[in-house]
file structure.txt (compact mmCIF, C-alpha atoms)
# COMPACT_ATOMS: atom_id res chain seq x y z
CA MET K 1 119.58 95.63 145.30
CA ASN K 2 116.10 94.26 145.53
CA THR K 3 114.46 97.60 144.85
CA ALA K 4 116.65 98.04 141.77
CA ARG K 5 115.53 94.66 140.49
CA ILE K 6 111.88 95.56 141.01
CA SER K 7 112.35 98.82 139.19
CA PHE K 8 113.98 97.01 136.24
CA ALA K 9 111.08 94.58 136.12
CA LYS K 10 108.58 97.44 136.20
CA SER K 11 110.31 99.17 133.32
CA ALA K 12 110.44 96.01 131.25
CA LEU K 13 106.78 95.27 131.97
CA SER K 14 105.53 98.71 131.04
CA LEU K 15 107.59 98.73 127.85
CA GLY K 16 106.24 95.27 127.02
CA LEU K 17 102.72 96.53 127.67
CA VAL K 18 103.18 99.42 125.22
CA ALA K 19 104.51 96.96 122.63
CA ILE K 20 101.54 94.62 123.12
CA ILE K 21 99.01 97.45 122.79
CA GLY K 22 100.75 98.72 119.65
CA THR K 23 100.88 95.26 118.05
CA THR K 24 97.23 94.57 118.84
CA LEU K 25 96.21 97.87 117.29
CA LEU K 26 98.27 97.20 114.17
CA SER K 27 97.03 93.67 113.59
CA GLY K 28 93.46 94.92 113.99
CA VAL K 29 93.96 97.72 111.47
CA ASP K 30 95.71 95.33 109.10
CA ARG K 31 92.78 92.92 109.26
CA VAL K 32 90.30 95.70 108.52
CA THR K 33 92.24 97.24 105.64
CA ALA K 34 93.95 94.25 103.97
CA GLU K 35 91.09 93.41 101.64
CA ARG K 36 90.49 97.02 100.62
CA ILE K 37 94.20 97.61 99.97
CA ALA K 38 94.35 94.52 97.74
CA GLN K 39 91.28 95.79 95.86
CA GLN K 40 92.84 99.20 95.42
CA GLU K 41 96.04 97.69 94.09
CA ARG K 42 94.08 95.58 91.60
CA ARG K 43 92.14 98.67 90.54
CA VAL K 44 95.39 100.57 89.88
CA VAL K 45 96.81 97.73 87.78
CA LEU K 46 93.56 97.37 85.80
CA GLN K 47 93.45 101.12 85.23
CA GLN K 48 97.01 101.08 83.90
CA LEU K 49 96.32 98.10 81.64
CA GLY K 50 93.08 99.73 80.44
CA GLN K 51 95.00 102.75 79.18
CA ILE K 52 96.76 100.47 76.71
CA ILE K 53 94.13 97.89 75.74
CA PRO K 54 90.52 99.07 76.29
CA PRO K 55 88.43 96.50 78.21
CA ASP K 56 85.96 95.98 75.34
CA ARG K 57 88.64 94.38 73.17
CA TYR K 58 89.10 91.25 75.28
CA ASP K 59 86.83 88.92 77.22
CA ASN K 60 89.23 87.13 79.57
CA ALA K 61 90.35 88.18 83.06
CA LEU K 62 93.35 90.12 81.76
CA GLN K 63 94.67 90.90 85.20
CA ASP K 64 94.84 87.25 86.24
CA ASP K 65 95.99 85.81 82.90
CA LEU K 66 99.60 86.68 83.57
CA PHE K 67 102.91 84.95 83.72
CA THR K 68 106.34 86.13 84.79
CA PHE K 69 109.69 85.31 83.27
CA THR K 70 113.27 86.48 83.03
CA ASP K 71 115.37 86.72 79.90
CA GLU K 72 118.74 88.38 80.18
CA THR K 73 119.11 88.94 76.39
CA TRP K 74 116.09 91.17 75.91
CA PHE K 75 115.34 92.22 79.47
CA PRO K 76 118.73 92.78 81.13
CA GLN K 77 119.74 93.06 84.79
CA GLY K 78 117.72 90.06 85.90
CA GLN K 79 114.39 91.84 85.85
CA GLN K 80 111.12 89.99 86.37
CA VAL K 81 108.97 90.62 83.31
CA VAL K 82 105.21 90.27 83.73
CA ALA K 83 103.09 89.43 80.68
CA TYR K 84 99.32 90.03 80.76
CA ARG K 85 97.52 88.25 77.93
CA ALA K 86 94.38 89.76 76.39
CA ARG K 87 92.25 87.17 74.54
CA ARG K 88 88.86 87.19 72.86
CA ASN K 89 87.01 83.89 72.37
CA GLY K 90 90.28 82.20 73.28
CA GLN K 91 92.17 83.90 70.43
CA PRO K 92 95.19 86.13 71.22
CA VAL K 93 94.41 89.85 70.96
CA ALA K 94 97.44 91.47 72.51
CA VAL K 95 99.97 91.04 75.28
CA ILE K 96 100.94 93.73 77.78
CA LEU K 97 104.48 93.43 79.07
CA ARG K 98 105.67 95.02 82.27
CA PHE K 99 109.42 95.55 82.19
CA ALA K 100 112.01 98.24 82.81
CA ALA K 101 114.26 100.44 80.71
CA VAL K 102 117.50 99.84 82.58
CA ASP K 103 119.64 102.70 81.30
CA GLY K 104 117.56 105.69 82.37
CA TYR K 105 119.24 108.85 83.61
CA SER K 106 118.61 108.01 87.26
CA GLY K 107 117.76 104.37 87.67
CA PRO K 108 115.37 102.02 85.92
CA ILE K 109 112.17 103.29 84.27
CA ASP K 110 109.25 100.88 84.76
CA LEU K 111 107.21 100.50 81.60
CA LEU K 112 104.04 98.85 80.37
CA ALA K 113 103.99 98.08 76.65
CA GLY K 114 101.02 96.57 74.84
CA ILE K 115 101.90 94.57 71.74
CA GLU K 116 99.14 93.48 69.36
CA ALA K 117 99.16 89.88 68.12
CA ASP K 118 100.37 91.18 64.72
CA GLY K 119 103.41 92.90 66.29
CA ARG K 120 102.22 96.50 66.30
CA LEU K 121 102.46 98.52 69.50
CA ALA K 122 99.10 99.21 71.09
CA GLY K 123 100.71 101.73 73.39
CA VAL K 124 103.42 102.33 75.97
CA ARG K 125 103.05 103.87 79.42
CA VAL K 126 105.56 104.75 82.15
CA ILE K 127 104.62 103.39 85.57
CA THR K 128 107.40 104.66 87.78
CA HIS K 129 110.61 106.54 87.12
CA ARG K 130 113.04 108.86 88.85
CA GLU K 131 113.98 111.02 85.89
CA THR K 132 114.58 114.74 86.36
CA PRO K 133 111.32 116.65 86.93
CA GLY K 134 110.76 119.16 84.16
CA LEU K 135 113.17 117.46 81.76
CA GLY K 136 113.07 113.67 81.64
CA ASP K 137 109.58 113.39 83.07
CA ALA K 138 108.05 114.30 79.70
CA ILE K 139 107.91 110.51 79.18
CA GLU K 140 104.82 110.52 81.44
CA ALA K 141 101.56 110.44 79.49
CA GLY K 142 100.18 113.23 81.70
CA LYS K 143 103.11 115.57 81.00
CA SER K 144 103.50 115.32 77.23
CA ASP K 145 102.30 113.36 74.23
CA TRP K 146 105.70 111.86 73.55
CA ILE K 147 104.90 108.39 74.89
CA ARG K 148 101.93 108.23 72.49
CA SER K 149 104.31 108.44 69.52
CA PHE K 150 104.84 104.69 70.01
CA ASP K 151 101.20 103.94 69.15
CA GLY K 152 100.97 101.80 66.02
CA LYS K 153 104.74 101.50 65.59
CA SER K 154 106.30 98.10 64.91
CA LEU K 155 109.70 96.61 64.15
CA GLY K 156 109.44 97.31 60.41
CA MET K 157 107.81 100.73 60.81
CA PRO K 158 110.00 102.69 61.34
CA PRO K 159 112.85 100.47 60.06
CA ALA K 160 115.20 99.02 62.67
CA ALA K 161 117.88 101.67 62.01
CA GLU K 162 115.43 104.46 62.89
CA TRP K 163 114.47 103.10 66.30
CA GLY K 164 116.18 105.95 68.09
CA VAL K 165 115.93 109.67 68.87
CA ARG K 166 116.42 112.21 66.05
CA ARG K 167 119.85 113.15 67.34
CA ASP K 168 120.92 109.55 66.63
CA GLY K 169 119.27 109.62 63.20
CA GLY K 170 116.10 107.96 64.47
CA ALA K 171 112.40 108.62 64.00
CA PHE K 172 111.53 109.65 67.56
CA ASP K 173 111.72 113.13 69.11
CA GLN K 174 114.04 113.81 72.00
CA PHE K 175 113.31 116.43 74.67
CA THR K 176 115.12 119.70 75.12
CA GLY K 177 117.87 118.98 77.60
CA ALA K 178 117.09 115.28 77.95
CA THR K 179 118.22 112.70 75.41
CA ILE K 180 119.25 109.85 77.70
CA THR K 181 115.73 109.24 79.00
CA PRO K 182 113.91 108.85 75.64
CA ARG K 183 116.87 106.90 74.27
CA ALA K 184 116.55 104.40 77.13
CA VAL K 185 112.79 104.03 76.68
CA ILE K 186 113.05 103.55 72.91
CA LYS K 187 115.76 100.92 73.30
CA ALA K 188 113.80 98.96 75.89
CA VAL K 189 110.60 99.04 73.83
CA ARG K 190 112.47 97.89 70.73
CA LEU K 191 113.96 94.97 72.67
CA ALA K 192 110.49 94.02 73.91
CA LEU K 193 109.20 94.04 70.32
CA GLU K 194 112.13 91.85 69.23
CA TYR K 195 111.33 89.43 72.04
CA HIS K 196 107.71 89.36 70.92
CA GLU K 197 108.77 88.65 67.33
CA ARG K 198 110.95 85.72 68.41
CA HIS K 199 108.87 84.30 71.23
CA GLY K 200 105.37 85.61 70.60
CA ASP K 201 103.84 82.11 70.74
CA LEU K 202 105.52 81.48 74.06
CA LEU K 203 103.99 84.68 75.47
CA TYR K 204 100.47 83.44 74.76
CA SER K 205 100.92 79.74 75.49
CA SER K 206 102.83 79.83 78.80
CA GLU K 207 101.05 78.62 81.90
CA VAL K 208 99.61 81.24 84.23
CA THR K 209 102.06 82.01 87.02
CA PRO K 210 100.50 81.29 90.44
CA GLN K 211 99.11 84.52 91.90
CA GLU K 212 101.10 84.60 95.12
CA ALA K 213 104.26 84.98 93.05
CA ALA K 214 102.82 88.02 91.25
CA PRO K 215 102.30 91.46 92.76
CA MET X 1 98.97 126.57 129.40
CA ASN X 2 95.75 127.68 127.75
CA ALA X 3 94.45 126.81 124.30
CA ARG X 4 95.18 130.24 122.84
CA GLN X 5 98.83 130.08 123.86
CA ILE X 6 99.13 126.54 122.52
CA PHE X 7 97.87 127.71 119.14
CA ILE X 8 100.08 130.79 118.99
CA ASP X 9 103.06 128.59 119.82
CA GLY X 10 102.26 125.88 117.29
CA LEU X 11 101.36 128.17 114.43
CA TRP X 12 103.74 131.07 114.85
CA ARG X 13 106.02 131.42 117.84
CA GLN X 14 107.37 127.87 117.78
CA ASN X 15 106.44 126.84 114.24
CA THR X 16 108.16 123.49 113.66
CA GLY X 17 109.22 124.23 110.11
CA LEU X 18 110.22 127.88 110.46
CA VAL X 19 111.49 128.34 114.03
CA ILE X 20 112.32 124.99 115.61
CA LEU X 21 113.52 123.67 112.23
CA LEU X 22 112.64 120.07 112.98
CA GLY X 23 111.34 117.58 110.43
CA LEU X 24 113.12 119.24 107.54
CA CYS X 25 113.60 115.99 105.60
CA PRO X 26 109.92 115.57 104.62
CA LEU X 27 109.45 119.33 104.60
CA LEU X 28 112.01 119.78 101.85
CA ALA X 29 111.44 116.51 100.02
CA VAL X 30 107.69 116.48 99.28
CA THR X 31 106.92 120.14 98.76
CA GLY X 32 107.14 120.07 94.97
CA THR X 33 103.43 120.91 94.80
CA ALA X 34 100.90 122.42 97.20
CA VAL X 35 98.75 119.28 97.16
CA ASN X 36 101.66 117.08 98.23
CA GLY X 37 102.21 119.55 101.05
CA ILE X 38 98.59 119.30 102.20
CA GLY X 39 98.70 115.49 102.05
CA LEU X 40 101.83 115.08 104.13
CA GLY X 41 100.83 117.94 106.42
CA LEU X 42 97.49 116.31 107.25
CA ALA X 43 99.14 112.92 107.82
CA THR X 44 101.71 114.52 110.13
CA THR X 45 99.01 116.45 112.02
CA LEU X 46 96.99 113.28 112.58
CA THR X 47 100.14 111.51 113.78
CA LEU X 48 100.94 114.35 116.19
CA VAL X 49 97.43 114.42 117.68
CA CYS X 50 97.35 110.64 118.20
CA SER X 51 100.93 110.28 119.43
CA ASN X 52 100.68 113.25 121.82
CA PHE X 53 97.42 111.89 123.20
CA ALA X 54 98.85 108.38 123.69
CA VAL X 55 102.10 109.64 125.20
CA SER X 56 100.21 111.87 127.61
CA LEU X 57 97.94 108.99 128.66
CA SER X 58 100.92 106.80 129.44
CA ARG X 59 103.04 109.51 131.07
CA ARG X 60 102.54 108.25 134.63
CA LEU X 61 103.05 104.63 133.65
CA LEU X 62 106.40 105.14 131.94
CA ARG X 63 109.58 105.51 133.96
CA PRO X 64 111.94 108.17 132.68
CA GLU X 65 114.61 105.67 131.60
CA ILE X 66 112.33 103.84 129.15
CA ARG X 67 110.29 106.78 127.93
CA ILE X 68 112.18 107.27 124.64
CA PRO X 69 111.82 103.65 123.39
CA ALA X 70 108.17 103.76 124.47
CA TYR X 71 107.61 106.98 122.48
CA VAL X 72 109.22 105.39 119.44
CA LEU X 73 106.91 102.38 119.75
CA ILE X 74 103.85 104.58 120.11
CA ILE X 75 104.77 106.83 117.19
CA ALA X 76 105.67 103.90 114.93
CA SER X 77 102.32 102.20 115.68
CA VAL X 78 100.38 105.40 114.98
CA VAL X 79 102.22 106.06 111.71
CA THR X 80 101.82 102.49 110.46
CA THR X 81 98.10 102.66 111.24
CA ILE X 82 97.79 105.90 109.27
CA GLN X 83 99.79 104.38 106.43
CA LEU X 84 97.46 101.37 106.19
CA LEU X 85 94.34 103.55 106.35
CA MET X 86 95.71 105.84 103.68
CA GLN X 87 96.63 102.89 101.46
CA ALA X 88 93.06 101.66 101.77
CA TRP X 89 91.16 104.91 101.28
CA PHE X 90 93.49 107.43 99.60
CA HIS X 91 95.39 105.01 97.45
CA ASP X 92 96.35 107.41 94.66
CA LEU X 93 97.73 109.96 97.09
CA TYR X 94 99.51 107.15 98.89
CA ARG X 95 101.24 106.27 95.65
CA VAL X 96 102.58 109.84 95.42
CA LEU X 97 103.57 110.27 99.07
CA GLY X 98 104.25 106.56 99.67
CA ILE X 99 107.82 106.54 100.86
CA PHE X 100 107.42 109.68 102.97
CA ILE X 101 104.64 108.31 105.17
CA PRO X 102 106.84 105.77 107.00
CA LEU X 103 109.40 108.55 107.30
CA ILE X 104 107.00 110.47 109.57
CA VAL X 105 108.27 108.09 112.27
CA THR X 106 111.67 109.72 112.00
CA ASN X 107 110.27 113.26 112.01
CA CYS X 108 111.96 114.55 115.14
CA ALA X 109 109.22 117.16 115.58
CA ILE X 110 106.90 114.39 116.73
CA ILE X 111 109.17 112.89 119.36
CA GLY X 112 110.09 116.49 120.23
CA ARG X 113 106.48 117.34 121.07
CA ALA X 114 106.07 114.06 122.96
CA GLU X 115 109.07 114.90 125.13
CA ALA X 116 108.58 118.66 125.48
CA PHE X 117 104.83 118.81 125.92
CA ALA X 118 102.84 115.56 126.04
CA SER X 119 104.96 113.95 128.78
CA ARG X 120 104.13 116.83 131.16
CA ASN X 121 100.55 117.76 130.29
CA PRO X 122 97.10 116.14 130.44
CA PRO X 123 95.82 114.22 127.38
CA LEU X 124 93.40 116.81 126.01
CA SER X 125 95.77 119.75 125.96
CA SER X 126 98.46 117.42 124.57
CA ALA X 127 96.17 116.44 121.70
CA LEU X 128 95.46 120.14 121.17
CA ASP X 129 99.18 120.89 121.15
CA GLY X 130 99.66 118.10 118.59
CA PHE X 131 96.94 119.64 116.46
CA ALA X 132 98.39 123.16 116.68
CA THR X 133 101.95 121.99 116.00
CA GLY X 134 100.76 119.83 113.11
CA LEU X 135 98.71 122.66 111.66
CA GLY X 136 101.72 124.97 111.83
CA PHE X 137 103.86 122.34 110.09
CA CYS X 138 101.10 121.73 107.53
CA LEU X 139 100.78 125.44 106.72
CA THR X 140 104.54 125.68 106.25
CA LEU X 141 104.44 122.66 103.91
CA VAL X 142 101.57 124.17 101.90
CA ALA X 143 103.22 127.60 101.68
CA LEU X 144 106.46 126.02 100.53
CA GLY X 145 104.67 123.71 98.08
CA ALA X 146 102.53 126.49 96.66
CA PHE X 147 105.55 128.74 96.19
CA ARG X 148 107.60 126.04 94.44
CA GLU X 149 104.69 124.93 92.29
CA LEU X 150 103.92 128.49 91.27
CA VAL X 151 107.50 129.30 90.34
CA GLY X 152 108.28 125.88 88.90
CA HIS X 153 105.10 125.00 86.99
CA GLY X 154 103.00 128.19 87.00
CA THR X 155 100.04 126.34 88.56
CA LEU X 156 98.45 125.97 91.99
CA PHE X 157 96.76 122.89 93.47
CA SER X 158 97.38 120.69 90.44
CA GLN X 159 96.58 117.00 91.03
CA ALA X 160 94.12 117.99 93.75
CA GLU X 161 91.99 115.04 92.61
CA LEU X 162 94.43 112.76 94.48
CA LEU X 163 93.17 114.26 97.72
CA PHE X 164 89.60 115.33 97.07
CA GLY X 165 88.44 112.96 94.32
CA GLU X 166 87.14 114.09 90.94
CA ILE X 167 85.87 117.45 92.29
CA GLY X 168 89.51 118.29 93.02
CA ARG X 169 90.28 118.51 89.32
CA SER X 170 88.47 121.85 89.14
CA LEU X 171 90.61 123.23 91.96
CA GLN X 172 93.65 123.52 89.77
CA ILE X 173 94.48 127.14 88.96
CA THR X 174 96.79 127.97 86.11
CA VAL X 175 98.31 131.21 87.29
CA ILE X 176 100.89 131.64 84.56
CA PRO X 177 99.67 130.16 81.25
CA ASP X 178 102.35 128.57 79.02
CA HIS X 179 104.87 128.64 81.85
CA PRO X 180 108.06 127.14 80.45
CA GLY X 181 108.87 125.59 83.84
CA PHE X 182 111.58 126.73 86.20
CA LEU X 183 113.51 123.61 87.09
CA LEU X 184 115.46 125.04 90.04
CA ALA X 185 112.27 125.55 92.03
CA ILE X 186 111.19 121.93 91.63
CA LEU X 187 114.56 120.34 92.36
CA PRO X 188 115.93 120.00 95.93
CA PRO X 189 117.92 123.28 95.86
CA GLY X 190 114.65 125.12 95.23
CA ALA X 191 113.30 123.67 98.47
CA PHE X 192 116.22 125.05 100.48
CA ILE X 193 116.02 128.45 98.81
CA ALA X 194 112.25 128.67 99.30
CA LEU X 195 112.52 127.66 102.96
CA GLY X 196 115.23 130.26 103.45
CA LEU X 197 112.97 132.92 101.93
CA LEU X 198 110.07 131.85 104.17
CA ILE X 199 112.20 132.07 107.31
CA ALA X 200 113.55 135.42 106.18
CA GLY X 201 109.99 136.59 105.57
CA ARG X 202 108.96 135.52 109.06
CA ASN X 203 111.92 137.30 110.64
CA TRP X 204 111.19 140.41 108.60
CA ALA X 205 107.57 140.38 109.75
CA ILE X 206 108.69 140.10 113.37
CA SER X 207 111.13 142.98 113.07
CA ARG X 208 108.42 145.12 111.45
CA LEU X 209 106.02 144.31 114.25
CA SER X 210 108.51 144.98 117.02
CA ARG X 211 109.52 148.34 115.54
CA ARG X 212 106.07 149.67 116.37
CA PRO X 213 105.77 151.03 119.89
CA GLN X 214 104.57 148.09 121.94
CA PRO X 215 103.99 147.95 125.64
CA GLU X 216 104.86 144.26 126.03
CA VAL X 217 108.21 142.72 125.21
CA GLN X 218 108.37 140.22 122.33
CA PRO X 219 108.45 136.82 124.03
CA VAL X 220 111.49 134.73 123.28
CA ALA X 221 110.76 131.34 121.68
CA GLU X 222 111.95 128.56 123.90
CA ARG X 223 113.42 125.64 122.02
CA ALA X 224 112.05 122.13 122.32
CA SER X 225 115.40 120.42 122.39
call {"tool": "encode", "arguments": {"input": "structure.txt", "output": "structure tokens"}}
result
Amino acid sequence: MNTARISFAKSALSLGLVAIIGTTLLSGVDRVTAERIAQQERRVVLQQLGQIIPPDRYDNALQDDLFTFTDETWFPQGQQVVAYRARRNGQPVAVILRFAAVDGYSGPIDLLAGIEADGRLAGVRVITHRETPGLGDAIEAGKSDWIRSFDGKSLGMPPAAEWGVRRDGGAFDQFTGATITPRAVIKAVRLALEYHERHGDLLYSSEVTPQEAAP
Amino acid sequence: MNARQIFIDGLWRQNTGLVILLGLCPLLAVTGTAVNGIGLGLATTLTLVCSNFAVSLSRRLLRPEIRIPAYVLIIASVVTTIQLLMQAWFHDLYRVLGIFIPLIVTNCAIIGRAEAFASRNPPLSSALDGFATGLGFCLTLVALGAFRELVGHGTLFSQAELLFGEIGRSLQITVIPDHPGFLLAILPPGAFIALGLLIAGRNWAISRLSRRPQPEVQPVAERAS
């Protein structure tokens, strides 16, 4: 009886020891890498934003001048939209919205869309998606030029009725074998433009959301 | 067991991906391109070396009844460490392989080596065994990735800049220009088919070798499980 108890205690102790060593190692590594990981994540965001609005067009800290909001009408399924505001001498230049196209072929497609102060699109980029490789993934800027066809477009140009793929009588190309993906992206971008038209002032004037709430 | 035998086992006779058939989840999931294969293969190799070494060090301390939870703790700590380091220094590759790195914890090849080898052998040869097993797994991943990339995209080593920085960009080889893309190879079924072909190829090679007059008998692979 007593020997069994001692053997239990030994087992528990040695397992506890392994856990303590592991935890110590991890907290040490976390301390060493945390700052660099945060830097890397900032670099990735800045790089993505820079693809849409080149850094020489604004003079504020674009990455920190952000606020987040939700609006079920234009950005459905309760998504958190992030708005980065680019300003020069305090004047609005453009806003970059981070939102998702909710009706992709396999799950939401995360998008960044830059909208100039006058309502034209500065550019659209796909951040993450799970569309079919080889078919739907032509929405990536690295795979085809399709996503660049948004550059310079606005709500009036093409007219509202032509904000769709050619198969639906719209002005945008679809891909061979994949219509759902471009359709979803076009719809989401159009909704973002409509939001900008209605609430553009709000996008520039809203208070900066505290950083810990943002990614 | 000497170093030569350990290497022959890890690379060929008991290759994790082709003979033992452990760790198939990451093997099949990430091998869309050769570079992804190298990335996950290296991460797995590093995990195997560290976890085998740590398990071997603690083999006298751990009683048999708690060895499995202890292995899981050790492997999870090693993998999380590698994940953090990768996030800090190979961030772009991490964004591609992201979700598969934590999954290395569940790669049964790693706990398999801990149980079958590291728990019975001294630390150095255990680390060597981890290296050989990892290298074998890595080569299988690269072969599978290269095959699928070649058939699916007509290129080799595309996106190598994720791993090697800007110099990597020049590593990309376009083998078949204007390749229309062969979707089946890139999608999950392509992974199963390609793995099947690789295993068949290995078996074919063995049968060719054994048909030649050989004085020694082909050794039978002993399973880890």
call {"tool": "interface_residues", "arguments": {"input": "structure.txt", "of": "chain X", "to": "chain K", "cutoff": "7 Å", "atoms": "all atoms listed in the file", "output": "compact mmCIF listing (two decimals) with C-alpha atoms, in the coordinates of the input"}}
result
# COMPACT_ATOMS: atom_id res chain seq x y z
CA LEU X 61 103.05 104.63 133.65
CA LEU X 62 106.40 105.14 131.94
CA ARG X 63 109.58 105.51 133.96
CA ILE X 66 112.33 103.84 129.15
CA ALA X 70 108.17 103.76 124.47
CA LEU X 73 106.91 102.38 119.75
CA ILE X 74 103.85 104.58 120.11
CA SER X 77 102.32 102.20 115.68
CA THR X 81 98.10 102.66 111.24
CA LEU X 84 97.46 101.37 106.19
CA LEU X 85 94.34 103.55 106.35
CA GLN X 87 96.63 102.89 101.46
CA ALA X 88 93.06 101.66 101.77
CA HIS X 91 95.39 105.01 97.45
CA GLY X 181 108.87 125.59 83.84
CA LEU X 183 113.51 123.61 87.09
call {"tool": "closest_residue", "arguments": {"input": "structure.txt", "among": "X:Ala43, X:Leu22, X:Ile8, X:Ala114", "to": "Leu57 (chain X)", "atoms": "all atoms listed in the file"}}
result
X:Ala114
call {"tool": "atom_distance", "arguments": {"input": "structure.txt", "atom1": "CA of Leu48 (chain X)", "atom2": "CA of Phe131 (chain X)"}}
result
6.6 Å
call {"tool": "residues_around", "arguments": {"input": "structure.txt", "residues": "Ala101 (chain K)", "least_positions_apart": "3", "cutoff": "8 Å", "atoms": "only C-alpha atoms", "output": "ChimeraX atom specification"}}
result
/K:104,108-111,184-185,187-189
call {"tool": "atom_distance", "arguments": {"input": "structure.txt", "atom1": "CA of Gly78 (chain K)", "atom2": "CA of Met157 (chain K)"}}
result
29.0 Å
call {"tool": "atom_distance", "arguments": {"input": "structure.txt", "atom1": "CA of Leu187 (chain X)", "atom2": "CA of Thr45 (chain X)"}}
result
25.4 Å
call {"tool": "residues_around", "arguments": {"input": "structure.txt", "residues": "region 163-180 of chain K", "least_positions_apart": "6", "cutoff": "10 Å", "atoms": "only C-alpha atoms", "output": "VMD selection string"}}
result
chain K and resid 103 to 106 131 to 132 134 to 139 146 to 147 149 to 150 153 to 157 186 to 187 189 to 190
call {"tool": "residues_around", "arguments": {"input": "structure.txt", "residues": "region 46-60 of chain K", "least_positions_apart": "2", "cutoff": "10 Å", "atoms": "all atoms listed in the file", "output": "number ranges by chain"}}
result
K: 40-44, 62-65, 84-98, 112-116, 121-127, 151
call {"tool": "closest_residue", "arguments": {"input": "structure.txt", "among": "K:Ala83, K:Asn2, K:Glu162, K:Glu72", "to": "Ser205 (chain K)", "atoms": "all atoms listed in the file"}}
result
K:Ala83
call {"tool": "residues_around", "arguments": {"input": "structure.txt", "residues": "Phe117 (chain X)", "least_positions_apart": "3", "cutoff": "10 Å", "atoms": "only C-alpha atoms", "output": "list of chain:residue names"}}
result
X:Asn52, X:Val55, X:Ser56, X:Ile111, X:Gly112, X:Arg113, X:Ala114, X:Arg120, X:Asn121, X:Pro122, X:Ser125, X:Ser126, X:Ala127, X:Asp129, X:Gly130, X:Ala224
call {"tool": "closest_residue", "arguments": {"input": "structure.txt", "among": "X:Leu184, X:Gly23, X:Phe90, X:Pro64", "to": "Asn107 (chain X)", "atoms": "all atoms listed in the file"}}
result
X:Gly23
call {"tool": "closest_residue", "arguments": {"input": "structure.txt", "among": "X:Ser170, X:Thr155, X:Thr44, X:Thr140", "to": "Thr31 (chain X)", "atoms": "all atoms listed in the file"}}
result
X:Thr140
